[in-house]
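A.B. asks: This one is coords-v3.csv, CSV, C-alpha atoms.
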```csv
chain,number,residue,atom,x,y,z
A,1,MET,CA,54.5,8.2,103.1
A,2,MET,CA,53.4,7.1,99.6
A,3,ASN,CA,52.7,3.5,98.6
A,4,LYS,CA,54.9,1.6,96.1
A,5,ASP,CA,52.5,2.0,93.1
A,6,LYS,CA,52.4,5.8,93.5
A,7,PHE,CA,56.2,6.0,94.0
A,8,VAL,CA,56.9,4.0,90.9
A,9,SER,CA,54.3,5.9,88.9
A,10,ILE,CA,56.1,9.1,89.8
A,11,PHE,CA,59.8,7.9,89.6
A,12,GLY,CA,59.6,4.9,87.4
A,13,GLY,CA,60.5,6.8,84.3
A,14,VAL,CA,63.6,8.5,85.7
A,15,TYR,CA,65.8,5.8,84.2
A,16,GLU,CA,64.5,5.3,80.6
A,17,HIS,CA,62.1,2.3,80.4
A,18,SER,CA,63.6,1.0,83.7
A,19,PRO,CA,61.0,1.2,86.5
A,20,PHE,CA,62.9,-1.6,88.3
A,21,VAL,CA,65.2,1.2,89.6
A,22,ALA,CA,62.4,3.0,91.4
A,23,GLU,CA,61.0,-0.3,92.6
A,24,ALA,CA,64.3,-1.3,94.1
A,25,VAL,CA,64.8,2.0,95.8
A,26,PHE,CA,61.3,1.8,97.3
A,27,ASP,CA,61.9,-1.9,98.4
A,28,VAL,CA,65.1,-1.0,100.3
A,29,GLY,CA,63.3,1.8,102.1
A,30,PHE,CA,63.4,4.9,100.0
A,31,GLY,CA,63.3,7.2,103.0
A,32,ALA,CA,64.7,10.1,101.0
A,33,SER,CA,64.1,13.5,102.6
A,34,SER,CA,65.4,15.4,99.6
A,35,ASN,CA,65.9,15.2,95.8
A,36,GLU,CA,69.6,14.8,96.3
A,37,GLU,CA,69.2,11.8,98.6
A,38,LEU,CA,66.8,10.1,96.2
A,39,VAL,CA,69.1,10.8,93.2
A,40,ALA,CA,71.9,9.2,95.2
A,41,ASN,CA,69.7,6.2,96.1
A,42,MET,CA,68.6,5.6,92.5
A,43,LYS,CA,72.2,6.0,91.3
A,44,ALA,CA,73.4,3.4,93.9
A,45,VAL,CA,70.8,0.9,92.6
A,46,VAL,CA,72.0,1.3,89.0
A,47,ASP,CA,75.6,1.1,90.0
A,48,SER,CA,75.0,-2.1,91.9
A,49,ILE,CA,73.3,-4.1,89.1
A,50,ALA,CA,75.1,-6.6,87.0
A,51,PHE,CA,77.0,-5.5,83.9
A,52,GLU,CA,74.5,-7.2,81.6
A,53,ASP,CA,71.6,-5.2,83.3
A,54,LYS,CA,73.5,-2.0,82.8
A,55,VAL,CA,73.9,-2.8,79.1
A,56,LYS,CA,70.1,-3.4,79.0
A,57,LEU,CA,69.5,0.0,80.7
A,58,LEU,CA,71.7,1.7,78.1
A,59,ARG,CA,69.9,-0.1,75.3
A,60,ALA,CA,66.6,1.2,76.6
A,61,HIS,CA,67.5,4.7,75.4
A,62,PRO,CA,66.5,6.0,72.0
A,63,ASP,CA,68.8,7.1,69.2
A,64,LEU,CA,69.3,10.9,69.2
A,65,ALA,CA,67.2,12.4,66.3
A,66,GLY,CA,66.5,8.8,65.3
A,67,LYS,CA,63.5,7.2,63.7
A,68,LEU,CA,61.9,7.0,67.1
A,69,ALA,CA,62.5,10.7,67.6
A,70,VAL,CA,60.5,11.6,64.5
A,71,GLY,CA,57.8,9.0,65.4
A,72,GLU,CA,55.7,8.7,68.5
A,73,GLU,CA,57.6,6.0,70.3
A,74,LEU,CA,59.7,8.2,72.6
A,75,THR,CA,58.9,8.6,76.2
A,76,GLU,CA,57.5,12.0,77.0
A,77,SER,CA,60.7,12.8,78.9
A,78,SER,CA,63.0,11.8,75.9
A,79,SER,CA,60.7,13.6,73.5
A,80,ASN,CA,60.9,16.9,75.5
A,81,GLU,CA,64.6,16.6,76.1
A,82,GLN,CA,65.3,16.0,72.4
A,83,ALA,CA,63.0,18.8,71.3
A,84,GLY,CA,64.6,21.1,73.8
A,85,ALA,CA,67.9,20.5,72.1
A,86,GLY,CA,66.3,21.2,68.7
A,87,LEU,CA,66.7,17.6,67.5
A,88,ASP,CA,63.2,17.6,66.2
A,89,GLN,CA,64.2,20.4,63.8
A,90,CYS,CA,67.2,18.9,62.1
A,91,SER,CA,68.0,19.9,58.5
A,92,GLU,CA,68.2,17.0,56.0
A,93,ASP,CA,72.0,17.1,56.3
A,94,GLU,CA,71.9,17.0,60.2
A,95,TYR,CA,69.4,14.2,60.2
A,96,ALA,CA,71.6,12.2,57.8
A,97,ALA,CA,74.6,12.8,60.0
A,98,PHE,CA,72.7,11.7,63.1
A,99,GLN,CA,71.5,8.6,61.3
A,100,ALA,CA,75.0,7.7,60.1
A,101,LEU,CA,76.5,8.3,63.5
A,102,ASN,CA,73.7,6.4,65.3
A,103,LYS,CA,74.3,3.4,63.1
A,104,ALA,CA,78.1,3.4,63.4
A,105,TYR,CA,77.9,4.0,67.2
A,106,VAL,CA,75.5,1.1,67.8
A,107,GLU,CA,77.6,-1.2,65.6
A,108,LYS,CA,80.7,-0.3,67.5
A,109,PHE,CA,79.4,-0.2,71.1
A,110,GLY,CA,76.2,-2.3,71.1
A,111,PHE,CA,74.0,0.5,72.7
A,112,PRO,CA,72.8,3.9,71.5
A,113,PHE,CA,74.8,7.1,71.9
A,114,ILE,CA,73.6,8.7,75.2
A,115,LEU,CA,74.1,12.3,76.1
A,116,ALA,CA,72.2,14.5,78.6
A,117,VAL,CA,71.2,17.0,75.9
A,118,SER,CA,69.8,19.7,78.1
A,119,GLY,CA,71.7,22.9,77.3
A,120,TRP,CA,73.2,21.5,74.1
A,121,GLY,CA,72.4,22.5,70.5
A,122,ARG,CA,72.4,20.2,67.4
A,123,ALA,CA,75.8,21.2,66.2
A,124,ASP,CA,77.4,20.7,69.6
A,125,ILE,CA,75.7,17.3,70.0
A,126,LEU,CA,76.9,16.2,66.6
A,127,GLU,CA,80.5,17.4,67.5
A,128,ARG,CA,80.4,15.5,70.8
A,129,PHE,CA,78.9,12.5,69.0
A,130,GLY,CA,81.8,12.5,66.5
A,131,GLU,CA,84.4,12.8,69.4
A,132,ARG,CA,82.9,10.0,71.5
A,133,ILE,CA,82.6,7.5,68.7
A,134,GLY,CA,86.4,7.3,68.8
A,135,ASN,CA,86.4,6.1,72.4
A,136,ASN,CA,87.2,2.5,73.3
A,137,VAL,CA,84.3,0.3,74.5
A,138,GLU,CA,85.1,0.5,78.2
A,139,GLU,CA,85.6,4.2,78.1
A,140,GLU,CA,82.4,4.8,76.2
A,141,PHE,CA,80.4,2.4,78.4
A,142,ASN,CA,81.4,4.4,81.5
A,143,THR,CA,80.7,7.7,79.7
A,144,ALA,CA,77.3,6.5,78.6
A,145,LEU,CA,76.4,5.3,82.1
A,146,ALA,CA,77.5,8.7,83.5
A,147,GLU,CA,75.3,10.4,81.0
A,148,VAL,CA,72.3,8.2,82.0
A,149,HIS,CA,72.9,9.3,85.6
A,150,LYS,CA,72.9,13.0,84.5
A,151,ILE,CA,69.7,12.5,82.6
A,152,ALA,CA,68.1,10.8,85.7
A,153,LYS,CA,69.3,13.7,87.9
A,154,ILE,CA,67.7,16.3,85.6
A,155,ARG,CA,64.5,14.3,85.4
A,156,MET,CA,64.4,14.0,89.2
A,157,GLU,CA,64.9,17.8,89.6
A,158,GLN,CA,62.0,18.3,87.2
A,159,ILE,CA,59.8,15.9,89.2
A,160,PHE,CA,60.6,17.7,92.5
A,161,GLU,CA,59.9,21.1,90.9
A,162,ASN,CA,56.6,20.0,89.3
A,163,THR,CA,55.2,17.5,91.8
A,164,LYS,CA,54.3,17.5,95.4
A,165,VAL,CA,56.4,14.5,96.6
A,166,SER,CA,55.4,13.3,100.0
```
Take the structure in this file and express it as C-alpha coordinates.

C.D. replies:
Amino acid sequence: MMNKDKFVSIFGGVYEHSPFVAEAVFDVGFGASSNEELVANMKAVVDSIAFEDKVKLLRAHPDLAGKLAVGEELTESSSNEQAGAGLDQCSEDEYAAFQALNKAYVEKFGFPFILAVSGWGRADILERFGERIGNNVEEEFNTALAEVHKIAKIRMEQIFENTKVS
(Lines of atoms letter the chains of each structure in order from A and count residues from 1; the text may use other names and numbers.)
(Lines give C-alpha, C1' and ligand atoms only; values in the text may rest on other atoms or scores of the structure.)
Protein backbone atom coordinates (compact mmCIF):
# COMPACT_ATOMS: atom_id res chain seq x y z
CA MET A 1 0.00 0.00 0.00
CA MET A 2 1.43 3.38 -0.96
CA ASN A 3 1.51 6.39 1.34
CA LYS A 4 -0.52 9.54 0.73
CA ASP A 5 2.37 11.61 -0.66
CA LYS A 6 3.18 9.00 -3.29
CA PHE A 7 -0.50 8.51 -4.14
CA VAL A 8 -1.02 12.25 -4.63
CA SER A 9 2.22 12.56 -6.61
CA ILE A 10 0.94 9.90 -9.02
CA PHE A 11 -2.76 10.82 -9.19
CA GLY A 12 -2.85 14.49 -8.13
CA GLY A 13 -2.79 15.77 -11.71
CA VAL A 14 -5.63 13.61 -13.00
CA TYR A 15 -8.00 16.51 -12.41
CA GLU A 16 -6.25 19.63 -13.73
CA HIS A 17 -4.50 21.59 -10.96
CA SER A 18 -6.78 19.87 -8.42
CA PRO A 19 -4.76 17.48 -6.24
CA PHE A 20 -7.49 17.77 -3.59
CA VAL A 21 -9.40 15.08 -5.54
CA ALA A 22 -6.63 12.51 -5.10
CA GLU A 23 -6.13 13.60 -1.48
CA ALA A 24 -9.83 13.07 -0.72
CA VAL A 25 -9.87 9.66 -2.40
CA PHE A 26 -6.87 8.59 -0.36
CA ASP A 27 -8.34 9.99 2.87
CA VAL A 28 -11.58 8.03 2.50
CA GLY A 29 -9.66 4.82 1.87
CA PHE A 30 -8.69 4.59 -1.79
CA GLY A 31 -8.66 0.76 -1.69
CA ALA A 32 -9.13 0.57 -5.45
CA SER A 33 -8.09 -2.73 -6.92
CA SER A 34 -8.46 -1.52 -10.50
CA ASN A 35 -8.26 1.55 -12.69
CA GLU A 36 -12.04 1.47 -13.14
CA GLU A 37 -12.64 1.53 -9.40
CA LEU A 38 -10.21 4.40 -8.87
CA VAL A 39 -11.77 6.37 -11.74
CA ALA A 40 -15.19 5.86 -10.14
CA ASN A 41 -13.88 6.91 -6.71
CA MET A 42 -12.31 10.10 -8.09
CA LYS A 43 -15.43 10.93 -10.08
CA ALA A 44 -17.54 10.46 -6.94
CA VAL A 45 -15.36 12.95 -5.05
CA VAL A 46 -15.79 15.57 -7.79
CA ASP A 47 -19.52 14.91 -8.07
CA SER A 48 -19.89 15.42 -4.30
CA ILE A 49 -18.16 18.79 -4.02
CA ALA A 50 -20.04 22.07 -3.83
CA PHE A 51 -21.10 23.84 -7.01
CA GLU A 52 -18.57 26.65 -6.41
CA ASP A 53 -15.76 24.10 -6.13
CA LYS A 54 -16.85 22.47 -9.38
CA VAL A 55 -16.65 25.88 -11.06
CA LYS A 56 -13.12 26.31 -9.65
CA LEU A 57 -12.21 22.90 -11.03
CA LEU A 58 -13.50 23.91 -14.48
CA ARG A 59 -11.60 27.20 -14.28
CA ALA A 60 -8.38 25.28 -13.57
CA HIS A 61 -8.40 24.10 -17.20
CA PRO A 62 -6.53 26.02 -19.90
CA ASP A 63 -8.03 27.51 -23.03
CA LEU A 64 -7.69 25.27 -26.08
CA ALA A 65 -4.93 26.56 -28.35
CA GLY A 66 -4.80 29.58 -26.06
CA LYS A 67 -1.95 31.76 -24.94
CA LEU A 68 -1.00 29.17 -22.31
CA ALA A 69 -0.90 26.49 -24.99
CA VAL A 70 1.75 28.36 -26.95
CA GLY A 71 3.69 29.22 -23.80
CA GLU A 72 5.09 26.94 -21.18
CA GLU A 73 2.35 27.23 -18.54
CA LEU A 74 0.33 24.13 -19.43
CA THR A 75 0.59 21.00 -17.34
CA GLU A 76 2.47 18.23 -19.09
CA SER A 77 -0.78 16.30 -19.53
CA SER A 78 -2.62 19.25 -21.09
CA SER A 79 0.33 20.05 -23.33
CA ASN A 80 0.50 16.46 -24.59
CA GLU A 81 -3.27 16.26 -25.09
CA GLN A 82 -3.43 19.52 -27.03
CA ALA A 83 -0.38 18.61 -29.12
CA GLY A 84 -1.92 15.21 -29.84
CA ALA A 85 -4.92 17.00 -31.34
CA GLY A 86 -2.63 19.26 -33.37
CA LEU A 87 -3.57 22.39 -31.43
CA ASP A 88 0.09 23.39 -31.28
CA GLN A 89 0.12 23.53 -35.10
CA CYS A 90 -2.79 25.90 -35.77
CA SER A 91 -2.72 28.09 -38.83
CA GLU A 92 -3.11 31.83 -38.19
CA ASP A 93 -6.81 31.59 -39.08
CA GLU A 94 -7.38 28.60 -36.78
CA TYR A 95 -5.51 30.30 -33.96
CA ALA A 96 -7.61 33.46 -34.41
CA ALA A 97 -10.80 31.37 -34.43
CA PHE A 98 -9.78 29.62 -31.21
CA GLN A 99 -8.93 32.94 -29.59
CA ALA A 100 -12.29 34.46 -30.53
CA LEU A 101 -14.22 31.38 -29.39
CA ASN A 102 -12.23 31.13 -26.14
CA LYS A 103 -13.01 34.77 -25.32
CA ALA A 104 -16.71 34.52 -26.19
CA TYR A 105 -17.08 31.23 -24.33
CA VAL A 106 -15.49 32.46 -21.10
CA GLU A 107 -17.55 35.66 -21.25
CA LYS A 108 -20.74 33.62 -21.60
CA PHE A 109 -20.05 30.73 -19.20
CA GLY A 110 -17.36 31.95 -16.78
CA PHE A 111 -15.03 29.00 -17.37
CA PRO A 112 -12.97 27.78 -20.36
CA PHE A 113 -14.26 25.47 -23.07
CA ILE A 114 -13.36 21.92 -22.05
CA LEU A 115 -13.22 18.99 -24.40
CA ALA A 116 -11.41 15.67 -24.05
CA VAL A 117 -9.48 16.26 -27.28
CA SER A 118 -8.02 12.75 -27.67
CA GLY A 119 -9.01 11.49 -31.10
CA TRP A 120 -10.19 14.89 -32.34
CA GLY A 121 -8.59 17.09 -35.01
CA ARG A 122 -8.45 20.90 -35.04
CA ALA A 123 -11.33 21.32 -37.48
CA ASP A 124 -13.54 18.93 -35.48
CA ILE A 125 -12.69 20.72 -32.24
CA LEU A 126 -13.51 24.11 -33.75
CA GLU A 127 -16.83 22.73 -35.05
CA ARG A 128 -17.71 21.27 -31.63
CA PHE A 129 -16.66 24.54 -29.98
CA GLY A 130 -18.99 26.47 -32.28
CA GLU A 131 -21.87 24.12 -31.48
CA ARG A 132 -21.45 24.17 -27.71
CA ILE A 133 -21.17 27.94 -27.40
CA GLY A 134 -24.89 27.99 -28.25
CA ASN A 135 -25.76 25.92 -25.15
CA ASN A 136 -27.40 27.45 -22.11
CA VAL A 137 -25.29 27.82 -18.95
CA GLU A 138 -26.67 24.79 -17.10
CA GLU A 139 -26.33 22.51 -20.11
CA GLU A 140 -22.78 23.66 -20.80
CA PHE A 141 -21.74 23.39 -17.16
CA ASN A 142 -22.89 19.75 -17.15
CA THR A 143 -21.21 19.07 -20.51
CA ALA A 144 -17.94 20.65 -19.36
CA LEU A 145 -17.98 18.61 -16.15
CA ALA A 146 -18.63 15.41 -18.14
CA GLU A 147 -15.65 16.30 -20.36
CA VAL A 148 -13.48 16.82 -17.27
CA HIS A 149 -14.40 13.31 -16.15
CA LYS A 150 -13.50 11.95 -19.62
CA ILE A 151 -10.11 13.69 -19.44
CA ALA A 152 -9.53 12.24 -15.97
CA LYS A 153 -10.42 8.74 -17.16
CA ILE A 154 -7.98 9.01 -20.08
CA ARG A 155 -5.24 10.28 -17.78
CA MET A 156 -5.91 7.45 -15.30
CA GLU A 157 -5.68 4.89 -18.10
CA GLN A 158 -2.31 6.35 -19.11
CA ILE A 159 -1.07 6.25 -15.51
CA PHE A 160 -2.07 2.61 -15.14
CA GLU A 161 -0.42 1.75 -18.48
CA ASN A 162 2.82 3.57 -17.69
CA THR A 163 3.23 3.22 -13.93
CA LYS A 164 3.46 0.33 -11.52
CA VAL A 165 0.61 1.25 -9.18
CA SER A 166 0.70 -0.70 -5.93

A.B. asks: Distance CA of Gly29 (chain A)-CA of Asp5 (chain A), one decimal place?

C.D. replies: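 Separating CA of Gly29 (chain A) from CA of Asp5 (chain A) is a distance of 14.1 Å.
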
A.B. asks: Rounded to one decimal, what separation in Å do you get between CA of Lys153 (chain A) and CA of Lys103 (chain A)?

C.D. replies: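 About the pair CA of Lys153 (chain A) and CA of Lys103 (chain A): they are 27.3 Å apart.
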
A.B. asks: Using all atoms listed in the file, give me every residue within 9 Å of (62.0, 12.2, 83.0) in file coordinates, as a count of residues only.

C.D. replies: 20

A.B. asks: For Asn41 (chain A), please output as an mmCIF file with C-alpha atoms, in the coordinates of the input all residues within 12 Å (counting all atoms listed in the file; exclusion window: fewer than 5 positions along the same chain).

C.D. replies:
```cif
data_model
loop_
_atom_site.group_PDB
_atom_site.id
_atom_site.type_symbol
_atom_site.label_atom_id
_atom_site.label_comp_id
_atom_site.auth_asym_id
_atom_site.auth_seq_id
_atom_site.Cartn_x
_atom_site.Cartn_y
_atom_site.Cartn_z
ATOM 1 C CA PHE A 11 59.800 7.900 89.600
ATOM 2 C CA VAL A 21 65.200 1.200 89.600
ATOM 3 C CA ALA A 22 62.400 3.000 91.400
ATOM 4 C CA GLU A 23 61.000 -0.300 92.600
ATOM 5 C CA ALA A 24 64.300 -1.300 94.100
ATOM 6 C CA VAL A 25 64.800 2.000 95.800
ATOM 7 C CA PHE A 26 61.300 1.800 97.300
ATOM 8 C CA ASP A 27 61.900 -1.900 98.400
ATOM 9 C CA VAL A 28 65.100 -1.000 100.300
ATOM 10 C CA GLY A 29 63.300 1.800 102.100
ATOM 11 C CA PHE A 30 63.400 4.900 100.000
ATOM 12 C CA GLY A 31 63.300 7.200 103.000
ATOM 13 C CA ALA A 32 64.700 10.100 101.000
ATOM 14 C CA SER A 33 64.100 13.500 102.600
ATOM 15 C CA SER A 34 65.400 15.400 99.600
ATOM 16 C CA ASN A 35 65.900 15.200 95.800
ATOM 17 C CA GLU A 36 69.600 14.800 96.300
ATOM 18 C CA VAL A 46 72.000 1.300 89.000
ATOM 19 C CA ASP A 47 75.600 1.100 90.000
ATOM 20 C CA SER A 48 75.000 -2.100 91.900
ATOM 21 C CA HIS A 149 72.900 9.300 85.600
ATOM 22 C CA ALA A 152 68.100 10.800 85.700
ATOM 23 C CA LYS A 153 69.300 13.700 87.900
ATOM 24 C CA MET A 156 64.400 14.000 89.200
#
```

A.B. asks: With distances taken over all atoms listed in the file, which of A:His17, A:His61, A:Glu161, A:Leu115 is nearest to Glu127 (chain A)?

C.D. replies: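 Between A:His17, A:His61, A:Glu161, A:Leu115, the residue approaching Glu127 (chain A) most closely is A:Leu115.
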
A.B. asks: Just how far from CA of Phe20 (chain A) is CA of Glu139 (chain A), in Å to one decimal?

C.D. replies: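 Interatomic distance, CA of Glu139 (chain A) to CA of Phe20 (chain A): 25.6 Å.
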
A.B. asks: Please provide as a ChimeraX atom specification all residues within 10 Å of Gln99 (chain A), with the sequence filter that same-chain residues fewer than 4 positions apart are discarded (counting all atoms listed in the file).

C.D. replies: /A:63-67,93-95,103-105

A.B. asks: Can you tell me, as a ChimeraX atom specification, what residues are no more than 12 Å from Leu58 (chain A) when counting only C-alpha atoms, ignoring any on the same chain fewer than 5 positions away?

C.D. replies: /A:15-18,46,51-53,63,106,109-115,140-149,151

A.B. asks: Which residue out of A:Glu157, A:Ile10, A:Lys108, A:Asp88 has the minimum interatomic distance to Asn136 (chain A) when only C-alpha atoms are used?

C.D. replies: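 Using only C-alpha atoms, Asn136 (chain A) sits closest to A:Lys108.
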
A.B. asks: Give the answer as one residue: which of A:Gln89, A:Pro19, A:Asn3, A:Trp120 has the shortest atom-to-atom distance to Val45 (chain A), using all atoms listed in the file?

C.D. replies: A:Pro19

A.B. asks: Just checking: using only C-alpha atoms, which residue out of A:Asn102, A:Leu57, A:Met42, A:Phe160 ends up closest to Ile133 (chain A)?

C.D. replies: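 Of all the options, A:Asn102 lies closest to Ile133 (chain A).
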